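This is data_14.cif. It holds mmCIF, C-alpha atoms.
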data_final
#
loop_
_atom_site.label_atom_id
_atom_site.label_comp_id
_atom_site.auth_asym_id
_atom_site.auth_seq_id
_atom_site.Cartn_x
_atom_site.Cartn_y
_atom_site.Cartn_z
CA MET E 1 143.99 66.95 47.82
CA GLY E 2 142.19 65.00 45.10
CA GLU E 3 139.63 66.53 42.78
CA THR E 4 136.70 65.16 44.75
CA THR E 5 138.21 64.87 48.22
CA LYS E 6 135.78 67.30 49.82
CA LEU E 7 132.80 65.78 48.06
CA LYS E 8 133.74 62.31 49.31
CA GLU E 9 134.35 63.46 52.88
CA LEU E 10 131.06 65.37 52.90
CA ILE E 11 129.21 62.31 51.56
CA LEU E 12 130.70 60.28 54.42
CA TYR E 13 129.89 62.91 57.03
CA LEU E 14 126.29 63.31 55.86
CA SER E 15 125.84 59.53 55.70
CA GLN E 16 127.25 59.09 59.19
CA ARG E 17 125.08 61.84 60.66
CA MET E 18 121.90 60.71 58.86
CA ASP E 19 122.45 57.26 60.35
CA GLU E 20 123.36 58.44 63.87
CA ASP E 21 120.49 60.93 64.01
CA GLN E 22 118.04 58.48 62.45
CA HIS E 23 117.02 60.85 59.66
CA VAL E 24 113.65 60.30 58.07
CA GLY E 25 114.13 58.86 54.57
CA ARG E 26 117.92 58.65 54.83
CA GLY E 27 118.58 57.22 51.38
CA ARG E 28 120.63 58.22 48.37
CA ILE E 29 118.04 60.72 47.18
CA LYS E 30 118.14 62.57 50.48
CA LEU E 31 121.95 62.47 50.40
CA ALA E 32 121.99 64.15 46.96
CA LYS E 33 119.53 66.81 48.11
CA LEU E 34 121.57 67.52 51.24
CA LEU E 35 124.75 67.90 49.17
CA TRP E 36 122.95 70.40 46.96
CA ARG E 37 121.57 72.28 49.96
CA CYS E 38 124.98 72.44 51.65
CA ASP E 39 126.94 73.57 48.58
CA PHE E 40 124.44 76.19 47.45
CA ALA E 41 123.83 77.50 50.97
CA ALA E 42 127.61 77.84 51.42
CA TYR E 43 127.88 79.75 48.13
CA TRP E 44 125.02 82.00 49.21
CA ARG E 45 126.57 82.66 52.60
CA PHE E 46 130.34 82.56 52.00
CA GLY E 47 130.75 83.07 48.24
CA GLU E 48 132.14 79.58 47.65
CA PRO E 49 130.67 76.07 47.80
CA ILE E 50 131.92 73.44 50.24
CA THR E 51 132.80 70.74 47.71
CA GLU E 52 134.22 70.67 44.20
CA ALA E 53 131.01 69.22 42.76
CA HIS E 54 129.24 70.58 39.70
CA TYR E 55 125.47 70.39 39.81
CA HIS E 56 123.23 69.44 36.96
CA ALA E 57 119.50 69.10 36.42
CA ASP E 58 118.18 65.67 37.28
CA ARG E 59 114.56 64.53 37.33
CA LEU E 60 114.64 64.70 41.13
CA GLY E 61 116.22 68.16 41.30
CA PRO E 62 119.80 69.44 41.33
CA ALA E 63 122.33 66.61 41.67
CA PRO E 64 126.13 66.56 41.91
CA ALA E 65 127.48 65.26 38.59
CA GLU E 66 130.45 63.62 40.33
CA GLU E 67 128.38 61.84 43.00
CA MET E 68 128.15 58.44 41.29
CA LEU E 69 131.92 58.14 40.85
CA ALA E 70 132.57 59.41 44.37
CA LEU E 71 130.21 56.78 45.82
CA ARG E 72 131.89 54.07 43.78
CA ASP E 73 135.34 55.17 44.98
CA LEU E 74 134.20 55.24 48.60
CA GLU E 75 132.71 51.76 48.27
CA GLY E 76 135.92 50.54 46.66
CA ASP E 77 137.96 52.03 49.50
CA GLY E 78 135.79 50.27 52.07
CA ARG E 79 134.52 53.54 53.56
CA LEU E 80 130.91 53.40 52.44
CA GLU E 81 128.26 50.77 52.02
CA LEU E 82 125.02 51.19 50.11
CA ARG E 83 122.58 49.05 52.02
CA ASN E 84 119.32 47.91 50.43
CA GLU E 85 116.50 48.15 52.90
CA TRP E 86 112.88 47.10 52.88
CA ASP E 87 111.63 49.92 50.67
CA GLN E 88 114.36 49.28 48.06
CA GLN E 89 115.87 52.68 48.79
CA GLN E 90 119.67 52.46 49.01
CA ILE E 91 120.90 53.72 52.38
CA PRO E 92 124.46 55.11 52.45
CA ILE E 93 126.28 53.88 55.56
CA ALA E 94 129.72 55.23 56.51
CA ILE E 95 132.02 52.38 57.50
CA GLY E 96 135.75 52.00 58.12
CA GLU E 97 137.87 55.13 58.29
CA PRO E 98 135.70 58.02 59.59
CA PRO E 99 135.16 61.20 57.57
CA ASN E 100 138.10 63.58 57.62
CA LEU E 101 136.63 66.87 58.79
CA ASP E 102 140.00 68.63 58.62
CA VAL E 103 139.32 69.42 54.96
CA PHE E 104 136.46 71.73 56.00
CA SER E 105 136.45 75.00 57.89
CA ALA E 106 134.55 75.37 61.16
CA ALA E 107 132.04 77.64 59.42
CA GLN E 108 131.42 75.03 56.73
CA ILE E 109 130.82 72.30 59.31
CA ALA E 110 128.46 74.58 61.22
CA LEU E 111 126.51 75.20 58.01
CA VAL E 112 126.33 71.45 57.26
CA ASP E 113 125.17 70.72 60.81
CA ASP E 114 122.49 73.35 60.44
CA GLN E 115 121.23 71.73 57.22
CA LEU E 116 121.26 68.30 58.90
CA ARG E 117 119.18 69.62 61.79
CA ARG E 118 116.78 71.40 59.48
CA TYR E 119 116.09 68.30 57.39
CA GLN E 120 116.29 65.58 60.05
CA LEU E 121 112.53 65.04 60.07
CA VAL E 122 111.95 65.94 56.42
CA THR E 123 111.41 63.16 53.89
CA ALA E 124 113.38 62.84 50.67
CA ARG E 125 110.09 63.33 48.82
CA THR E 126 109.57 66.73 50.45
CA MET E 127 113.16 67.70 49.69
CA VAL E 128 112.59 66.77 46.05
CA ASP E 129 109.42 68.87 46.01
CA GLU E 130 111.40 71.81 47.36
CA ALA E 131 114.12 71.22 44.78
CA HIS E 132 111.50 71.37 42.04
CA GLU E 133 110.71 74.93 43.14
CA PHE E 134 114.33 76.04 42.91
CA PRO E 135 114.62 78.53 40.00
CA GLY E 136 118.07 77.26 39.03
CA TRP E 137 116.67 73.77 38.52
CA ILE E 138 113.46 74.94 36.81
CA ASN E 139 115.47 77.01 34.35
CA ALA E 140 117.96 74.22 33.62
CA TRP E 141 115.47 71.34 33.54
CA ARG E 142 112.96 73.02 31.19
CA LYS E 143 110.35 70.29 31.61
CA GLY E 144 112.88 67.59 30.79
CA ALA E 145 114.48 69.20 27.75
CA GLY E 146 117.49 70.22 29.83
CA LYS E 147 118.29 66.91 31.47
CA HIS E 148 121.85 67.10 32.86
CA ASP E 149 122.20 70.78 31.95
CA PRO E 150 124.42 72.61 34.45
CA ILE E 151 122.89 74.56 37.34
CA PRO E 152 125.05 77.59 38.12
CA LEU E 153 125.86 78.26 41.76
CA GLY E 154 124.76 81.86 41.27
CA SER E 155 121.20 80.72 40.75
CA VAL E 156 120.97 80.49 44.53
CA PHE E 157 120.51 84.28 44.53
CA TRP E 158 117.45 84.05 42.29
CA ASP E 159 114.26 84.58 44.23
CA SER E 160 111.71 81.90 43.44
CA ARG E 161 108.69 84.18 43.37
CA THR E 162 106.96 84.69 40.03
CA GLU E 163 104.46 87.43 40.90
CA ILE E 164 105.27 91.11 40.84
CA GLU E 165 104.86 92.97 44.12
CA PRO E 166 102.93 96.28 44.42
CA TRP E 167 106.05 98.29 45.36
CA GLU E 168 107.81 97.02 42.23
CA ASN E 169 104.97 98.20 40.01
CA GLU E 170 104.99 101.56 41.75
CA HIS E 171 108.74 101.87 41.31
CA ALA E 172 108.49 100.85 37.65
CA ARG E 173 106.01 103.71 37.10
CA VAL E 174 108.43 106.17 38.72
CA LEU E 175 111.25 104.88 36.54
CA ALA E 176 109.07 105.10 33.43
CA GLU E 177 108.24 108.71 34.19
CA GLU E 178 111.86 109.62 34.83
CA LEU E 179 113.03 107.84 31.68
CA GLY E 180 110.19 109.16 29.55
CA ILE E 181 108.71 105.75 28.88
CA SER E 182 104.98 105.65 28.37
CA SER E 183 103.14 103.22 30.62
CA MET S 1 122.91 107.17 30.06
CA VAL S 2 124.47 103.83 29.16
CA PHE S 3 128.18 103.72 29.82
CA ARG S 4 129.21 100.13 30.32
CA LEU S 5 128.53 96.92 28.49
CA SER S 6 129.13 93.62 30.19
CA VAL S 7 128.32 90.23 28.69
CA GLY S 8 125.54 91.70 26.62
CA VAL S 9 123.79 93.62 29.39
CA ALA S 10 124.09 97.41 29.53
CA LYS S 11 123.90 99.33 32.78
CA SER S 12 122.61 102.84 33.33
CA GLY S 13 124.42 105.39 35.47
CA ARG S 14 121.57 105.29 37.95
CA PHE S 15 122.01 101.53 38.28
CA GLU S 16 125.73 101.89 38.96
CA GLU S 17 125.05 104.53 41.62
CA GLN S 18 122.50 102.34 43.36
CA LEU S 19 124.86 99.38 43.14
CA ALA S 20 127.59 101.35 44.88
CA GLN S 21 125.21 102.49 47.61
CA LEU S 22 123.54 99.14 48.28
CA GLY S 23 126.76 97.19 47.89
CA ALA S 24 128.16 98.67 51.06
CA GLY S 25 125.47 97.02 53.18
CA LEU S 26 124.82 93.77 51.38
CA GLU S 27 126.87 90.63 50.99
CA ARG S 28 127.18 88.72 47.70
CA LEU S 29 125.62 91.56 45.69
CA ASP S 30 128.34 91.41 43.03
CA GLU S 31 127.88 87.67 42.56
CA ALA S 32 124.12 88.13 42.29
CA ILE S 33 124.53 90.87 39.67
CA SER S 34 126.94 88.68 37.70
CA PHE S 35 124.45 85.84 37.78
CA ALA S 36 121.61 88.14 36.66
CA GLU S 37 123.78 89.41 33.78
CA GLU S 38 124.52 85.88 32.65
CA GLN S 39 120.95 84.72 33.02
CA LEU S 40 119.42 87.72 31.23
CA THR S 41 121.99 87.61 28.45
CA ASN S 42 120.84 84.10 27.65
CA HIS S 43 117.19 84.44 28.64
CA PRO S 44 116.23 88.14 28.58
CA ALA S 45 112.66 87.60 29.74
CA SER S 46 113.62 85.67 32.89
CA GLY S 47 112.46 88.54 35.09
CA ILE S 48 108.89 89.34 36.07
CA PRO S 49 107.07 91.91 33.89
CA THR S 50 105.93 94.99 35.79
CA ALA S 51 102.82 97.05 35.05
CA VAL S 52 104.98 99.16 32.71
CA PRO S 53 105.51 97.36 29.39
CA GLY S 54 109.21 96.78 28.80
CA ILE S 55 110.26 97.16 32.44
CA TYR S 56 110.98 93.92 34.28
CA SER S 57 112.04 93.04 37.80
CA PHE S 58 114.61 90.33 38.41
CA PRO S 59 114.14 89.39 42.08
CA THR S 60 117.15 88.28 44.12
CA ARG S 61 117.68 87.18 47.71
CA LEU S 62 120.94 88.03 49.43
CA PRO S 63 122.52 87.34 52.80
CA THR S 64 123.09 90.17 55.24
CA GLY S 65 124.94 90.15 58.52
CA ASN S 66 121.83 89.04 60.36
CA GLY S 67 119.47 87.55 57.81
CA LEU S 68 118.11 87.92 54.33
CA ALA S 69 117.46 90.85 52.01
CA HIS S 70 115.28 90.93 48.93
CA VAL S 71 116.68 93.08 46.16
CA SER S 72 115.02 93.66 42.80
CA ILE S 73 117.02 94.46 39.70
CA PHE S 74 114.91 96.59 37.37
CA TYR S 75 115.71 96.32 33.70
CA LEU S 76 114.44 97.39 30.33
CA TYR S 77 113.94 94.78 27.65
CA ASP S 78 112.66 95.87 24.27
CA GLY S 79 112.69 92.43 22.69
CA LYS S 80 116.29 92.91 21.67
CA ASP S 81 118.53 94.54 24.28
CA VAL S 82 118.67 94.37 28.06
CA ARG S 83 119.59 97.43 30.13
CA PHE S 84 119.79 97.41 33.91
CA ILE S 85 118.15 100.64 35.02
CA ASP S 86 117.80 100.43 38.78
CA LEU S 87 118.33 98.37 41.88
CA LYS S 88 116.09 98.52 44.92
CA ARG S 89 115.82 96.70 48.21
CA SER S 90 112.36 95.52 49.21
CA PRO S 91 110.83 98.03 51.66
#
Please render this file's structure as structure tokens.
Amino acid sequence: MGETTKLKELILYLSQRMDEDQHVGRGRIKLAKLLWRCDFAAYWRFGEPITEAHYHADRLGPAPAEEMLALRDLEGDGRLELRNEWDQQQIPIAIGEPPNLDVFSAAQIALVDDQLRRYQLVTARTMVDEAHEFPGWINAWRKGAGKHDPIPLGSVFWDSRTEIEPWENEHARVLAEELGISS
Amino acid sequence: MVFRLSVGVAKSGRFEEQLAQLGAGLERLDEAISFAEEQLTNHPASGIPTAVPGIYSFPTRLPTGNGLAHVSIFYLYDGKDVRFIDLKRSP
């Protein structure tokens, strides 16, 4: 299997399904956000991502660093077309040889299908807004200073909340007393 | 008592005990701890300050067999060193 085989097949599968299911805002931005969602959700659930992609901080959220080359290869192989539509958003359309789902496990496909269902009626803009709340991206992006900095898969475990909860303060006081720390 | 150093983050005995107890019922806990170690080694103040100066909470979200669990990693940061002191699941 090539270095980006799974990434390419997942791009094709997502493109095919976004088209068949008439996803809202089914352009390249939504494709990148779905790839991020699928890989990080798989790491969260199974301990490993679906594709070989590495994610970095882009203005629009986490993006697979290898996506551009994978798209170019798929276009060159006659398996994908980037169609320009009325709103100038490029729409990825799977053509020619269908995606090879044999490279994925049943659990991975089920997870991808779940993400597709969840975001079918969600715009790319909303997905970008959600991505901007992802701690892994916030930490890597650093208000633009970290453009293209890597986003570790483990950041999916990081809870996005920024406010302390009452039980945490209470537990901190207990710990302080036990450890002899003055509060 | 500090008995293990790992990528710049020390862990107390209490933390290790809690890790062993919680680990039995939670998935991906080891990966989440590894990420927290890496993150706090590079950015020690990434957690949320508690009401006790010097004690922070690093909140994580983990999968369980039937959903999601919130687990907070409590650590001490004195401006220089990070020490994991406790681990607690959200009540």
TODO: Taking the file above as input, evaluate the PyMOL selection byres ((chain S and resi 8) around 12) and report the hits as a ChimeraX atom specification.
DONE: /S:4-7,9-11,34,36-44,80-84
- [ ] In Å, rounded to a single decimal, give me how far CA of Gly76 (chain E) is from CA of Lys8 (chain E).
- [x]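 Separating CA of Lys8 (chain E) from CA of Gly76 (chain E) is a distance of 12.3 Å.
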With 12 Å as the cut-off and all atoms listed in the file counted, what is the closest atom pair between each nearby residue of chain E and chain S? Distances in Å to one decimal, ordered by chain and number, as a tab-separated table.
residue	atom	partner	partner_atom	distance
E:Ala41	CA	S:Pro63	CA	10.1
E:Ala42	CA	S:Pro63	CA	10.9
E:Tyr43	CA	S:Arg28	CA	9.0
E:Trp44	CA	S:Pro63	CA	6.9
E:Arg45	CA	S:Pro63	CA	6.2
E:Phe46	CA	S:Arg28	CA	8.1
E:Gly47	CA	S:Arg28	CA	6.7
E:Glu48	CA	S:Arg28	CA	10.4
E:Pro135	CA	S:Ser46	CA	10.1
E:Gly136	CA	S:Gln39	CA	10.0
E:Ile138	CA	S:Ser46	CA	11.4
E:Asn139	CA	S:Ser46	CA	9.0
E:Ala140	CA	S:Gln39	CA	10.9
E:Ile151	CA	S:Gln39	CA	11.2
E:Pro152	CA	S:Phe35	CA	8.3
E:Leu153	CA	S:Phe35	CA	8.7
E:Gly154	CA	S:Phe35	CA	5.3
E:Ser155	CA	S:Phe35	CA	6.8
E:Val156	CA	S:Arg61	CA	8.1
E:Phe157	CA	S:Arg61	CA	5.2
E:Trp158	CA	S:Thr60	CA	4.6
E:Asp159	CA	S:Thr60	CA	4.7
E:Ser160	CA	S:Pro59	CA	8.0
E:Arg161	CA	S:Pro59	CA	7.6
E:Thr162	CA	S:Ile48	CA	6.4
E:Glu163	CA	S:Ile48	CA	6.8
E:Ile164	CA	S:Ile48	CA	6.2
E:Glu165	CA	S:Thr50	CA	8.6
E:Pro166	CA	S:Thr50	CA	9.2
E:Trp167	CA	S:Ser90	CA	7.9
E:Glu168	CA	S:Thr50	CA	7.0
E:Asn169	CA	S:Thr50	CA	5.4
E:Glu170	CA	S:Ala51	CA	8.4
E:His171	CA	S:Lys88	CA	8.8
E:Ala172	CA	S:Val52	CA	6.3
E:Arg173	CA	S:Val52	CA	6.4
E:Val174	CA	S:Val52	CA	9.9
E:Leu175	CA	S:Asp86	CA	8.2
E:Ala176	CA	S:Val52	CA	7.2
E:Glu177	CA	S:Val52	CA	10.2
E:Glu178	CA	S:Ile85	CA	11.0
E:Leu179	CA	S:Ile85	CA	9.4
E:Gly180	CA	S:Val52	CA	11.7
E:Ile181	CA	S:Val52	CA	8.5
E:Ser182	CA	S:Val52	CA	7.8
E:Ser183	CA	S:Val52	CA	4.9
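The interatomic distance for the pair CA of Gly25 (chain S) and CA of Asp39 (chain E) works out to 23.9 Å.
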Task: Contact residues around region 96-106 of chain E with only C-alpha atoms at 8 Å, ignoring same-chain residues under 4 positions, as a PyMOL selection string - done: chain E and resi 6+9-10+12-13+50+78-80+110
Could you spell out the hits of the PyMOL selection byres ((chain E and resi 62) around 9) on the shown file, as a short mmCIF file (atom, residue, chain, number, x, y, z; two decimals) with C-alpha atoms, in the frame of the given file?
data_model
loop_
_atom_site.label_atom_id
_atom_site.label_comp_id
_atom_site.auth_asym_id
_atom_site.auth_seq_id
_atom_site.Cartn_x
_atom_site.Cartn_y
_atom_site.Cartn_z
CA ALA E 32 121.99 64.15 46.96
CA LYS E 33 119.53 66.81 48.11
CA TRP E 36 122.95 70.40 46.96
CA TYR E 55 125.47 70.39 39.81
CA HIS E 56 123.23 69.44 36.96
CA ALA E 57 119.50 69.10 36.42
CA ASP E 58 118.18 65.67 37.28
CA ARG E 59 114.56 64.53 37.33
CA LEU E 60 114.64 64.70 41.13
CA GLY E 61 116.22 68.16 41.30
CA ALA E 63 122.33 66.61 41.67
CA PRO E 64 126.13 66.56 41.91
CA ALA E 131 114.12 71.22 44.78
CA HIS E 132 111.50 71.37 42.04
CA PHE E 134 114.33 76.04 42.91
CA GLY E 136 118.07 77.26 39.03
CA TRP E 137 116.67 73.77 38.52
CA PRO E 150 124.42 72.61 34.45
CA ILE E 151 122.89 74.56 37.34
#
TODO: Compare E:Gln16, E:Gln22, E:Gln115, E:Thr4 by their minimum atom-to-atom distance to Phe40 (chain E), counting all atoms listed in the file, and give me the closest one.
DONE: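 The answer is E:Gln115, which sits nearest to Phe40 (chain E).
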- [ ] Would you mind reading off the distance between CA of Thr123 (chain E) and CA of Val24 (chain E), one decimal, in Å?
- [x] 5.5 Å
Completed region 170-181 of chain E (N, CA and C atoms) as a PDB file, keeping the file's coordinate frame:
ATOM      1  N   GLU E 170     104.935 100.126  41.450  1.00  0.00           N
ATOM      2  CA  GLU E 170     104.990 101.560  41.750  1.00  0.00           C
ATOM      3  C   GLU E 170     106.349 102.127  41.334  1.00  0.00           C
ATOM      4  N   HIS E 171     107.399 101.390  41.660  1.00  0.00           N
ATOM      5  CA  HIS E 171     108.740 101.870  41.310  1.00  0.00           C
ATOM      6  C   HIS E 171     108.947 101.864  39.787  1.00  0.00           C
ATOM      7  N   ALA E 172     108.384 100.894  39.120  1.00  0.00           N
ATOM      8  CA  ALA E 172     108.490 100.850  37.650  1.00  0.00           C
ATOM      9  C   ALA E 172     107.830 102.074  37.025  1.00  0.00           C
ATOM     10  N   ARG E 173     106.706 102.505  37.628  1.00  0.00           N
ATOM     11  CA  ARG E 173     106.010 103.710  37.100  1.00  0.00           C
ATOM     12  C   ARG E 173     106.884 104.956  37.295  1.00  0.00           C
ATOM     13  N   VAL E 174     107.529 105.025  38.450  1.00  0.00           N
ATOM     14  CA  VAL E 174     108.430 106.170  38.720  1.00  0.00           C
ATOM     15  C   VAL E 174     109.580 106.157  37.707  1.00  0.00           C
ATOM     16  N   LEU E 175     110.134 104.995  37.498  1.00  0.00           N
ATOM     17  CA  LEU E 175     111.250 104.880  36.540  1.00  0.00           C
ATOM     18  C   LEU E 175     110.787 105.270  35.137  1.00  0.00           C
ATOM     19  N   ALA E 176     109.591 104.802  34.774  1.00  0.00           N
ATOM     20  CA  ALA E 176     109.070 105.100  33.430  1.00  0.00           C
ATOM     21  C   ALA E 176     108.911 106.592  33.235  1.00  0.00           C
ATOM     22  N   GLU E 177     108.429 107.257  34.289  1.00  0.00           N
ATOM     23  CA  GLU E 177     108.240 108.710  34.190  1.00  0.00           C
ATOM     24  C   GLU E 177     109.595 109.408  34.047  1.00  0.00           C
ATOM     25  N   GLU E 178     110.535 108.993  34.865  1.00  0.00           N
ATOM     26  CA  GLU E 178     111.860 109.620  34.830  1.00  0.00           C
ATOM     27  C   GLU E 178     112.570 109.377  33.497  1.00  0.00           C
ATOM     28  N   LEU E 179     112.341 108.197  32.934  1.00  0.00           N
ATOM     29  CA  LEU E 179     113.030 107.840  31.680  1.00  0.00           C
ATOM     30  C   LEU E 179     112.216 108.218  30.443  1.00  0.00           C
ATOM     31  N   GLY E 180     111.020 108.762  30.685  1.00  0.00           N
ATOM     32  CA  GLY E 180     110.190 109.160  29.550  1.00  0.00           C
ATOM     33  C   GLY E 180     109.617 107.996  28.774  1.00  0.00           C
ATOM     34  N   ILE E 181     109.317 106.922  29.523  1.00  0.00           N
ATOM     35  CA  ILE E 181     108.710 105.750  28.880  1.00  0.00           C
ATOM     36  C   ILE E 181     107.219 105.787  29.155  1.00  0.00           C
TER      37      ILE E 181
END
